[in-house]
>>> print(open('my_file18.txt').read())   # compact mmCIF, C-alpha atoms
# COMPACT_ATOMS: atom_id res chain seq x y z
CA MET A 26 164.48 78.50 54.07
CA LYS A 27 167.30 76.19 55.05
CA LEU A 28 168.00 72.65 53.94
CA TYR A 29 170.37 70.53 56.01
CA SER A 30 171.80 68.25 53.39
CA TYR A 31 174.67 66.00 52.42
CA PHE A 32 175.50 65.95 48.73
CA ARG A 33 175.38 62.14 48.47
CA SER A 34 172.27 61.65 50.62
CA SER A 35 169.51 60.48 48.32
CA ALA A 36 166.80 61.61 50.76
CA SER A 37 168.29 65.13 50.67
CA TYR A 38 168.49 64.92 46.89
CA ARG A 39 164.70 64.33 46.72
CA VAL A 40 164.05 67.56 48.61
CA ARG A 41 166.57 69.53 46.55
CA ILE A 42 164.69 68.57 43.38
CA ALA A 43 161.35 69.60 44.95
CA LEU A 44 162.70 73.00 46.03
CA ASN A 45 164.12 73.59 42.55
CA LEU A 46 160.91 72.54 40.77
CA LYS A 47 158.94 74.95 42.92
CA ASN A 48 161.51 77.71 42.37
CA LEU A 49 162.12 78.16 46.07
CA PRO A 50 165.53 79.62 46.90
CA TYR A 51 167.09 78.09 50.02
CA GLU A 52 170.22 78.15 52.08
CA TYR A 53 172.20 74.93 51.74
CA VAL A 54 173.59 73.82 55.10
CA PRO A 55 176.03 70.93 54.65
CA VAL A 56 176.05 68.14 57.22
CA HIS A 57 179.01 65.86 56.59
CA LEU A 58 177.88 62.29 57.31
CA VAL A 59 181.33 60.72 57.30
CA ARG A 60 184.02 63.23 58.37
CA GLU A 61 185.05 63.15 62.04
CA GLY A 62 182.60 60.34 62.82
CA GLY A 63 179.67 62.21 61.32
CA GLU A 64 178.39 65.74 61.94
CA GLN A 65 174.82 64.39 62.05
CA LEU A 66 175.63 62.70 65.37
CA LYS A 67 176.80 65.88 67.10
CA SER A 68 174.52 67.70 69.52
CA ALA A 69 174.22 70.84 67.36
CA TYR A 70 172.57 68.87 64.58
CA ARG A 71 170.62 66.58 66.90
CA LYS A 72 168.76 69.66 68.13
CA ILE A 73 167.46 70.06 64.59
CA ASN A 74 166.94 66.38 63.89
CA PRO A 75 167.10 64.05 66.92
CA ASP A 76 167.20 61.08 64.53
CA ALA A 77 170.65 62.22 63.38
CA ILE A 78 169.88 61.78 59.71
CA VAL A 79 169.56 64.20 56.80
CA PRO A 80 167.69 66.04 55.48
CA ALA A 81 166.09 68.50 57.85
CA PHE A 82 164.30 71.62 56.69
CA ILE A 83 163.56 74.94 58.36
CA ASP A 84 161.10 77.28 56.68
CA ASP A 85 160.82 81.05 56.88
CA GLU A 86 158.44 80.80 59.85
CA ASN A 87 160.98 78.68 61.71
CA HIS A 88 159.11 75.39 61.40
CA THR A 89 161.59 72.53 61.53
CA ILE A 90 160.59 69.45 59.55
CA GLN A 91 162.29 66.06 59.39
CA GLN A 92 161.77 63.24 56.89
CA SER A 93 162.11 63.98 53.19
CA LEU A 94 158.58 62.94 52.20
CA ALA A 95 157.04 65.04 55.00
CA ILE A 96 159.09 68.02 53.80
CA ILE A 97 157.97 67.53 50.19
CA GLU A 98 154.28 67.13 51.15
CA TYR A 99 154.66 70.33 53.19
CA LEU A 100 156.15 72.19 50.23
CA GLU A 101 153.29 70.85 48.08
CA GLU A 102 150.70 72.18 50.53
CA THR A 103 152.34 75.57 51.07
CA HIS A 104 153.57 76.14 47.48
CA PRO A 105 151.15 74.16 45.34
CA GLU A 106 152.49 75.14 41.91
CA PRO A 107 153.92 73.41 40.03
CA ARG A 108 152.16 70.34 41.41
CA LEU A 109 154.24 67.33 42.42
CA LEU A 110 151.13 65.18 42.91
CA PRO A 111 148.29 64.66 40.40
CA LYS A 112 144.78 65.97 41.03
CA SER A 113 142.71 62.82 41.39
CA PRO A 114 142.99 60.94 44.70
CA ALA A 115 143.50 57.59 42.93
CA ASP A 116 146.39 58.97 40.88
CA ARG A 117 147.86 60.72 43.91
CA ALA A 118 147.77 57.36 45.69
CA TYR A 119 149.50 55.73 42.71
CA VAL A 120 152.30 58.31 42.68
CA ARG A 121 152.69 58.11 46.46
CA SER A 122 152.83 54.32 46.31
CA ILE A 123 155.79 54.47 43.91
CA ALA A 124 157.54 57.04 46.09
CA LEU A 125 156.89 54.98 49.22
CA GLN A 126 158.03 51.75 47.60
CA ILE A 127 161.40 53.41 47.10
CA ALA A 128 161.41 55.26 50.42
CA CYS A 129 160.23 52.31 52.55
CA GLU A 130 161.27 49.14 50.74
CA ILE A 131 164.57 50.04 49.07
CA HIS A 132 166.29 53.05 50.56
CA PRO A 133 166.14 52.30 54.34
CA LEU A 134 168.02 49.04 53.91
CA ASP A 135 170.96 50.76 52.27
CA ASN A 136 171.30 53.66 54.66
CA LEU A 137 174.77 54.42 56.04
CA ARG A 138 173.88 53.45 59.62
CA VAL A 139 172.53 50.09 58.41
CA LEU A 140 175.67 49.35 56.40
CA ARG A 141 177.74 50.25 59.47
CA TYR A 142 175.72 47.85 61.64
CA LEU A 143 176.23 45.06 59.10
CA LYS A 144 179.98 45.66 59.06
CA HIS A 145 180.81 46.55 62.64
CA THR A 146 178.19 44.66 64.66
CA LEU A 147 177.46 41.65 62.47
CA GLY A 148 180.98 41.42 61.05
CA VAL A 149 179.75 41.14 57.47
CA ASP A 150 182.62 41.50 54.97
CA ASP A 151 182.66 44.13 52.25
CA ALA A 152 181.65 41.76 49.46
CA ALA A 153 178.57 40.56 51.37
CA LYS A 154 177.73 44.12 52.39
CA ASP A 155 177.86 45.26 48.75
CA ALA A 156 175.72 42.29 47.73
CA TRP A 157 173.16 43.29 50.38
CA TYR A 158 173.16 46.85 49.03
CA ARG A 159 172.58 45.66 45.48
CA HIS A 160 170.00 43.03 46.50
CA TRP A 161 167.47 45.52 47.87
CA ILE A 162 167.84 47.90 44.94
CA GLU A 163 167.54 45.07 42.41
CA ALA A 164 164.54 43.50 44.16
CA GLY A 165 162.79 46.86 44.30
CA PHE A 166 163.67 47.94 40.78
CA ALA A 167 162.47 44.62 39.32
CA THR A 168 158.92 45.15 40.58
CA LEU A 169 158.98 48.88 39.94
CA GLU A 170 160.03 48.21 36.34
CA GLU A 171 157.11 45.78 35.97
CA ARG A 172 154.71 48.38 37.30
CA LEU A 173 156.01 51.29 35.22
CA ALA A 174 156.29 49.21 32.04
CA ASN A 175 152.66 48.10 32.30
CA ASP A 176 150.82 51.12 33.65
CA PRO A 177 149.20 53.38 31.04
CA ARG A 178 149.97 56.39 33.24
CA THR A 179 153.69 56.08 32.58
CA GLY A 180 154.94 58.78 30.20
CA THR A 181 158.37 60.25 29.68
CA LEU A 182 158.37 60.28 33.49
CA CYS A 183 156.82 57.98 36.13
CA TYR A 184 153.41 59.63 35.82
CA GLY A 185 152.87 61.40 32.52
CA ASP A 186 155.34 63.97 31.35
CA THR A 187 155.76 66.33 34.28
CA PRO A 188 157.80 65.52 37.39
CA THR A 189 156.01 64.07 40.41
CA LEU A 190 157.00 62.83 43.84
CA ALA A 191 157.69 59.46 42.20
CA ASP A 192 160.45 60.87 39.99
CA LEU A 193 161.89 62.77 42.95
CA CYS A 194 162.41 59.43 44.69
CA LEU A 195 163.40 57.39 41.64
CA VAL A 196 166.25 59.52 40.31
CA PRO A 197 168.21 59.68 43.60
CA GLN A 198 167.73 55.93 44.06
CA ILE A 199 169.25 55.36 40.62
CA TYR A 200 172.16 57.59 41.62
CA ASN A 201 172.74 55.19 44.53
CA ALA A 202 172.43 52.20 42.23
CA HIS A 203 175.09 53.60 39.91
CA ARG A 204 177.44 54.27 42.82
CA PHE A 205 177.28 50.55 43.54
CA LYS A 206 177.75 49.68 39.86
CA ILE A 207 174.30 48.25 39.27
CA ASP A 208 173.54 48.04 35.58
CA THR A 209 170.19 49.84 35.40
CA ALA A 210 169.89 49.14 31.67
CA ARG A 211 168.24 45.89 32.82
CA TYR A 212 165.26 48.07 33.80
CA PRO A 213 164.51 49.80 30.50
CA THR A 214 161.53 51.88 31.62
CA ILE A 215 163.31 53.04 34.76
CA GLN A 216 166.41 53.81 32.68
CA ARG A 217 164.43 55.77 30.11
CA ILE A 218 162.67 57.84 32.79
CA HIS A 219 165.97 58.51 34.51
CA ASP A 220 167.70 59.60 31.31
CA HIS A 221 164.89 62.07 30.60
CA ALA A 222 164.60 63.41 34.15
CA VAL A 223 168.28 64.11 34.74
CA GLN A 224 168.29 66.54 31.83
CA LEU A 225 165.62 68.74 33.41
CA ASP A 226 166.98 71.90 34.99
CA ALA A 227 165.59 71.23 38.49
CA PHE A 228 167.22 67.81 38.51
CA VAL A 229 170.50 69.09 37.06
CA ARG A 230 170.80 71.68 39.83
CA ALA A 231 169.92 69.12 42.54
CA ALA A 232 172.52 66.55 41.46
CA PRO A 233 175.04 65.49 44.11
CA GLY A 234 178.06 66.52 42.03
CA VAL A 235 177.10 70.20 41.88
CA GLN A 236 176.26 70.73 45.57
CA PRO A 237 178.44 73.08 47.64
CA ASP A 238 179.78 70.16 49.71
CA ALA A 239 180.46 67.85 46.75
CA GLU A 240 183.84 66.13 46.86
CA MET B 4 136.39 47.76 49.72
CA LYS B 5 138.90 44.97 50.22
CA LEU B 6 141.98 44.91 52.40
CA TYR B 7 144.61 42.26 51.73
CA SER B 8 146.06 41.78 55.16
CA TYR B 9 147.97 39.48 57.48
CA PHE B 10 146.97 39.69 61.12
CA ARG B 11 150.54 40.22 62.37
CA SER B 12 151.61 42.66 59.62
CA SER B 13 152.06 46.01 61.28
CA ALA B 14 151.66 47.87 57.97
CA SER B 15 148.28 46.15 57.51
CA TYR B 16 147.40 47.01 61.12
CA ARG B 17 147.90 50.74 60.35
CA VAL B 18 145.33 50.59 57.55
CA ARG B 19 142.86 48.55 59.62
CA ILE B 20 142.87 51.29 62.27
CA ALA B 21 142.32 53.98 59.60
CA LEU B 22 139.38 52.10 58.07
CA ASN B 23 137.84 51.63 61.52
CA LEU B 24 138.31 55.28 62.53
CA LYS B 25 136.59 56.38 59.33
CA ASN B 26 133.82 53.84 59.83
CA LEU B 27 134.43 52.21 56.48
CA PRO B 28 133.30 48.59 56.29
CA TYR B 29 135.64 46.38 54.29
CA GLU B 30 136.18 42.81 53.26
CA TYR B 31 139.19 41.28 55.00
CA VAL B 32 141.20 39.12 52.60
CA PRO B 33 143.87 37.17 54.48
CA VAL B 34 147.29 36.69 52.88
CA HIS B 35 149.30 34.22 54.92
CA LEU B 36 152.92 35.39 54.89
CA VAL B 37 154.44 32.22 56.32
CA ARG B 38 152.37 29.15 55.43
CA GLU B 39 153.49 27.19 52.35
CA GLY B 40 156.38 29.54 51.70
CA GLY B 41 154.15 32.61 51.74
CA GLU B 42 150.93 33.37 49.87
CA GLN B 43 152.25 36.87 49.09
CA LEU B 44 154.81 35.33 46.74
CA LYS B 45 152.25 33.46 44.63
CA SER B 46 151.19 34.86 41.27
CA ALA B 47 147.57 35.46 42.31
CA TYR B 48 148.66 37.96 44.93
CA ARG B 49 151.50 39.40 42.86
CA LYS B 50 148.88 40.58 40.37
CA ILE B 51 147.49 42.76 43.15
CA ASN B 52 150.82 43.77 44.64
CA PRO B 53 153.91 43.00 42.53
CA ASP B 54 156.07 43.81 45.56
CA ALA B 55 154.68 40.70 47.28
CA ILE B 56 154.04 42.47 50.57
CA VAL B 57 150.90 43.34 52.48
CA PRO B 58 148.76 45.36 52.68
CA ALA B 59 147.06 46.04 49.38
CA PHE B 60 143.74 47.80 49.10
CA ILE B 61 141.01 47.78 46.45
CA ASP B 62 138.29 50.40 46.68
CA ASP B 63 134.72 50.29 45.38
CA GLU B 64 135.79 51.78 42.04
CA ASN B 65 138.36 49.02 41.62
CA HIS B 66 141.43 51.18 42.26
CA THR B 67 144.21 49.01 43.63
CA ILE B 68 146.60 50.78 45.99
CA GLN B 69 149.82 49.48 47.54
CA GLN B 70 151.81 50.91 50.45
CA SER B 71 150.05 51.51 53.76
CA LEU B 72 150.75 55.25 53.94
CA ALA B 73 149.53 55.80 50.37
CA ILE B 74 146.34 53.89 51.25
CA ILE B 75 145.77 55.98 54.38
CA GLU B 76 146.41 59.28 52.57
CA TYR B 77 143.92 58.11 49.92
CA LEU B 78 141.30 57.32 52.57
CA GLU B 79 141.96 60.75 54.10
CA GLU B 80 141.37 62.46 50.75
CA THR B 81 138.29 60.46 49.80
CA HIS B 82 136.72 60.20 53.30
CA PRO B 83 138.01 63.28 55.12
CA GLU B 84 136.11 62.83 58.40
CA PRO B 85 137.25 62.13 61.02
CA ARG B 86 140.55 63.70 60.06
CA LEU B 87 143.75 61.69 60.52
CA LEU B 88 145.93 64.71 59.77
CA PRO B 89 145.71 68.16 61.42
CA LYS B 90 144.59 71.24 59.49
CA SER B 91 147.72 73.41 59.42
CA PRO B 92 150.44 72.41 56.97
CA ALA B 93 153.17 72.67 59.64
CA ASP B 94 151.28 70.34 61.97
CA ARG B 95 150.47 67.96 59.12
CA ALA B 96 154.19 67.85 58.39
CA TYR B 97 154.92 67.13 62.05
CA VAL B 98 152.46 64.23 62.18
CA ARG B 99 153.72 62.86 58.86
CA SER B 100 157.32 63.10 60.07
CA ILE B 101 156.51 60.89 63.07
CA ALA B 102 154.66 58.40 60.87
CA LEU B 103 157.53 58.36 58.36
CA GLN B 104 160.17 57.97 61.05
CA ILE B 105 158.46 54.74 62.02
CA ALA B 106 157.61 53.67 58.46
CA CYS B 107 161.05 54.48 56.97
CA GLU B 108 163.59 54.24 59.80
CA ILE B 109 162.28 51.45 62.01
CA HIS B 110 159.82 49.14 60.31
CA PRO B 111 161.61 48.33 56.99
CA LEU B 112 164.61 46.91 58.81
CA ASP B 113 162.52 44.40 60.70
CA ASN B 114 160.42 43.18 57.82
CA LEU B 115 160.09 39.42 57.32
CA ARG B 116 162.03 39.39 54.03
CA VAL B 117 164.90 41.29 55.66
CA LEU B 118 165.07 38.88 58.60
CA ARG B 119 165.07 36.00 56.11
CA TYR B 120 167.98 37.53 54.21
CA LEU B 121 169.95 37.97 57.43
CA LYS B 122 169.36 34.36 58.37
CA HIS B 123 169.53 32.51 55.06
CA THR B 124 171.92 34.63 52.98
CA LEU B 125 174.19 36.18 55.60
CA GLY B 126 174.00 33.21 57.97
CA VAL B 127 173.27 35.37 61.00
CA ASP B 128 172.23 33.27 64.01
CA ASP B 129 168.93 33.74 65.82
CA ALA B 130 170.41 35.68 68.74
CA ALA B 131 172.09 38.21 66.44
CA LYS B 132 168.95 38.44 64.31
CA ASP B 133 166.83 39.19 67.37
CA ALA B 134 169.39 41.78 68.52
CA TRP B 135 169.15 43.43 65.07
CA TYR B 136 165.36 43.52 65.36
CA ARG B 137 165.50 45.13 68.78
CA HIS B 138 168.30 47.53 67.81
CA TRP B 139 166.28 49.38 65.17
CA ILE B 140 163.18 49.62 67.32
CA GLU B 141 165.16 50.83 70.33
CA ALA B 142 167.15 53.37 68.30
CA GLY B 143 163.96 54.72 66.76
CA PHE B 144 161.93 54.73 69.96
CA ALA B 145 164.68 56.57 71.86
CA THR B 146 164.53 59.59 69.55
CA LEU B 147 160.76 59.38 69.15
CA GLU B 148 160.38 59.42 72.94
CA GLU B 149 162.59 62.52 73.11
CA ARG B 150 160.48 64.24 70.50
CA LEU B 151 157.10 63.31 71.99
CA ALA B 152 158.19 64.08 75.56
CA ASN B 153 159.31 67.59 74.59
CA ASP B 154 156.79 68.73 72.02
CA PRO B 155 153.87 70.78 73.34
CA ARG B 156 151.61 69.21 70.71
CA THR B 157 151.74 65.84 72.47
CA GLY B 158 148.48 65.05 74.29
CA THR B 159 146.94 61.77 75.34
CA LEU B 160 148.00 60.75 71.83
CA CYS B 161 150.93 61.71 69.57
CA TYR B 162 149.25 64.93 68.44
CA GLY B 163 146.62 66.18 70.86
CA ASP B 164 143.82 63.90 71.94
CA THR B 165 142.40 62.51 68.71
CA PRO B 166 144.07 59.79 66.65
CA THR B 167 146.30 60.81 63.77
CA LEU B 168 148.47 59.04 61.23
CA ALA B 169 151.25 59.11 63.84
CA ASP B 170 149.28 56.93 66.29
CA LEU B 171 148.29 54.59 63.44
CA CYS B 172 151.99 53.90 62.88
CA LEU B 173 153.10 53.96 66.52
CA VAL B 174 150.68 51.41 67.98
CA PRO B 175 151.49 48.61 65.46
CA GLN B 176 155.22 49.27 65.92
CA ILE B 177 154.78 48.79 69.68
CA TYR B 178 152.94 45.55 68.98
CA ASN B 179 156.08 44.41 67.10
CA ALA B 180 158.30 45.58 69.96
CA HIS B 181 156.32 43.53 72.46
CA ARG B 182 156.50 40.43 70.27
CA PHE B 183 160.28 40.72 70.59
CA LYS B 184 160.06 41.35 74.34
CA ILE B 185 161.26 44.94 74.28
CA ASP B 186 160.41 46.69 77.52
CA THR B 187 158.61 49.77 76.25
CA ALA B 188 158.22 51.14 79.79
CA ARG B 189 161.65 52.70 79.14
CA TYR B 190 159.83 55.09 76.80
CA PRO B 191 157.23 56.57 79.17
CA THR B 192 155.53 58.94 76.72
CA ILE B 193 155.32 56.28 74.01
CA GLN B 194 154.01 53.80 76.59
CA ARG B 195 151.39 56.24 77.87
CA ILE B 196 150.15 57.03 74.34
CA HIS B 197 150.01 53.32 73.52
CA ASP B 198 148.07 52.45 76.67
CA HIS B 199 145.50 55.11 75.86
CA ALA B 200 145.21 54.33 72.15
CA VAL B 201 144.73 50.58 72.46
CA GLN B 202 141.58 51.14 74.47
CA LEU B 203 139.89 53.10 71.67
CA ASP B 204 137.32 51.08 69.75
CA ALA B 205 138.95 51.53 66.30
CA PHE B 206 142.25 50.24 67.68
CA VAL B 207 140.62 47.39 69.60
CA ARG B 208 138.92 46.13 66.43
CA ALA B 209 142.14 46.46 64.39
CA ALA B 210 144.31 44.47 66.81
CA PRO B 211 146.09 41.43 65.37
CA GLY B 212 144.53 39.02 67.86
CA VAL B 213 140.96 39.65 66.73
CA GLN B 214 141.49 39.42 62.97
CA PRO B 215 139.83 36.56 61.04
CA ASP B 216 143.23 34.97 60.31
CA ALA B 217 144.61 35.31 63.85
CA GLU B 218 146.33 32.21 65.17
>>> encode(input="my_file18.txt", output="C-alpha cells")
Amino acid sequence: MKLYSYFRSSASYRVRIALNLKNLPYEYVPVHLVREGGEQLKSAYRKINPDAIVPAFIDDENHTIQQSLAIIEYLEETHPEPRLLPKSPADRAYVRSIALQIACEIHPLDNLRVLRYLKHTLGVDDAAKDAWYRHWIEAGFATLEERLANDPRTGTLCYGDTPTLADLCLVPQIYNAHRFKIDTARYPTIQRIHDHAVQLDAFVRAAPGVQPDAE
Amino acid sequence: MKLYSYFRSSASYRVRIALNLKNLPYEYVPVHLVREGGEQLKSAYRKINPDAIVPAFIDDENHTIQQSLAIIEYLEETHPEPRLLPKSPADRAYVRSIALQIACEIHPLDNLRVLRYLKHTLGVDDAAKDAWYRHWIEAGFATLEERLANDPRTGTLCYGDTPTLADLCLVPQIYNAHRFKIDTARYPTIQRIHDHAVQLDAFVRAAPGVQPDAE
C-alpha cells in the first residue's frame, strides 16, 4: 500500500491515523505542496490524482483512490477491525456527520489553493487571509463544541472511548487551528478530546512532525 | 420522515433524489435561507441543526441527522434497495471519491455563507464574487470530466447505468453551474450524464423548480 501524503496536509493526516489504527503498514510517498510551485501540480502526480491534491492511496491490488474519506471508508470495508464507525446505522450517521462537518464546512475553505486564490486573484492581504482562515475554523468549532458537549455519546473521544472517523477528522483540524494560533481552550470538549487522542499511539505516529518529509 | 430543505440548496437536492430513488415518502419542511435574514439562523432550526445549514433529516424513530452525505449513507444502510453504492469496495470507493470531490472541493466554496463573507467582510464586488463561484466549479468540473471521460466504469451515468451517490452530487452541482451561467457543454461527459439523469423520475421530482417552496 502507498499513501501519497504531505506532512502538513490535514486530509493526509486523517488517512495516516486510519492506517495506523488498523495496523496496516504502508509506503509513505511525499508530495511537496509548496516546493518548486508544488509537486501535486506536476503531470506525474496528476496521473494518480487529477485533482492535484493529497492524499491519494494505492492498495496492494493497484486500486487508486482519491479523497481522504473515501479512502478511510474503503479501509473500513476491506479491513473492518478495529472499527472506525459504530455498529448502529444511526450512530454511524452521527459519527459521519461530525466528520463531514469538518471535511465539508471547515477544511475546504482553508485549503492551500483557496488561500492562494484569496491572495493572488482577489488581492486579499495577509491579515485578512489569516482572519478568513480562523473564521471558518472558529465558526465550525463553535457548533461542534455545542454538539459534543451536549451529546450523551461523547466520551473521552468524539463517540465513546475508542477512535472513530470523527476523531480522525477532528485532530488534524485542531493541528491546523494551532498553526494559525487559534486558542482551542475556548472549546473545552474539543480540547479535552484532542488532548486524549494525541497521546494514542496511532495518532502519535501519524502526527505531521514525525513524517519522513517533516521540516 | 422529515427533510428540512430549501428548494435551491444543492445539498438538500442530493437527499431529495436519494429519498425518491428509494421510494421513501417524506414530509418536506421548507427552511428559507434568504427571507428575513435566513430561517436557518433562527433558534428553532438551530435546535435541529446547530450548523444552521440545510439539509437536516429526521427519521421515523426520531433520529436527527445533519450533513447530506451522512443522511444518504444512512438511507443506504437502512433501506438498501435500490443500491446507491456499488457492491465491490473498490467501486464503492470510486463512487464516493466522485461524490466527495464535489461535496468537499467544489460545493463548500460556493455556499451562501461563504459568498456573504466575500461580499460583506472582504468587500469583494459582485463581478469578482461571481468569478470566484465559477472558478471552483470550472476547476472541479475540468478534472471530473477527465476522470469520467477516461474511466471504463462510466456509462449513461457516472458509474454504469443506474444512479449512484456520484450522480446525486453531480446533478445538483450542475444546477448551480447553470444558475451562474457556466456553459457545461465544455464538459461533454458531464453534460451527457446530466441530460440523461434529469429525465429520470426520481430526479424530476427532486428538481428545485417543483419543490413546495420554489419561487
>>> closest_residue(input="my_file18.txt", among="B:Thr146, B:Asn114, B:Thr159, B:Gln176", to="chain A", atoms="only C-alpha atoms")
B:Thr146
>>> closest_atom_pairs(input="my_file18.txt", of="chain B", to="chain A", cutoff="6 Å", atoms="only C-alpha atoms", output="CSV")
residue,atom,partner,partner_atom,distance
B:Pro53,CA,A:Thr168,CA,5.8
B:Asp54,CA,A:Thr168,CA,5.9
B:Gln69,CA,A:Ser122,CA,5.8
B:Gln70,CA,A:Ser122,CA,5.5
B:Ala73,CA,A:Ala118,CA,5.2
B:Tyr77,CA,A:Ala118,CA,5.8
B:Ala96,CA,A:Ala95,CA,5.2
B:Arg99,CA,A:Ala95,CA,5.5
B:Ser100,CA,A:Ala95,CA,5.4
B:Cys107,CA,A:Cys129,CA,5.0
B:Thr146,CA,A:Pro75,CA,5.8
>>> atom_distance(input="my_file18.txt", atom1="atom CA of A:Arg217", atom2="atom CA of A:Tyr31")
26.6 Å
>>> atom_distance(input="my_file18.txt", atom1="atom CA of B:Arg11", atom2="atom CA of B:Glu39")
16.7 Å
>>> axis_aligned_box(input="my_file18.txt", around="stretch 129-147 of chain A", padding_each_side="3 Å", output="lines of an AutoDock Vina configuration file")
center_x = 170.5
center_y = 48.0
center_z = 56.9
size_x = 26.6
size_y = 18.8
size_z = 21.6
>>> atom_distance(input="my_file18.txt", atom1="atom CA of A:Pro177", atom2="atom CA of B:Ile61")
18.3 Å
>>> residues_around(input="my_file18.txt", residues="B:Pro215", least_positions_apart="5", cutoff="9 Å", atoms="all atoms listed in the file", output="PyMOL selection string")
chain B and resi 10+31-33
>>> closest_residue(input="my_file18.txt", among="A:Tyr29, A:Tyr184, A:Phe205, A:Tyr200", to="A:Tyr158", atoms="only C-alpha atoms")
A:Phe205
>>> closest_atom_pairs(input="my_file18.txt", of="stretch 49-135 of chain B", to="stretch 22-30 of chain B", cutoff="8 Å", atoms="only C-alpha atoms", output="CSV")
residue,atom,partner,partner_atom,distance
B:Leu78,CA,B:Leu22,CA,7.8
B:His82,CA,B:Lys25,CA,7.1
B:Glu84,CA,B:Lys25,CA,6.5
B:Pro85,CA,B:Lys25,CA,6.0
>>> residues_around(input="my_file18.txt", residues="B:Arg19", least_positions_apart="5", cutoff="9 Å", atoms="all atoms listed in the file", output="ChimeraX atom specification")
/B:6,8,14,24,171,205-206,208-210
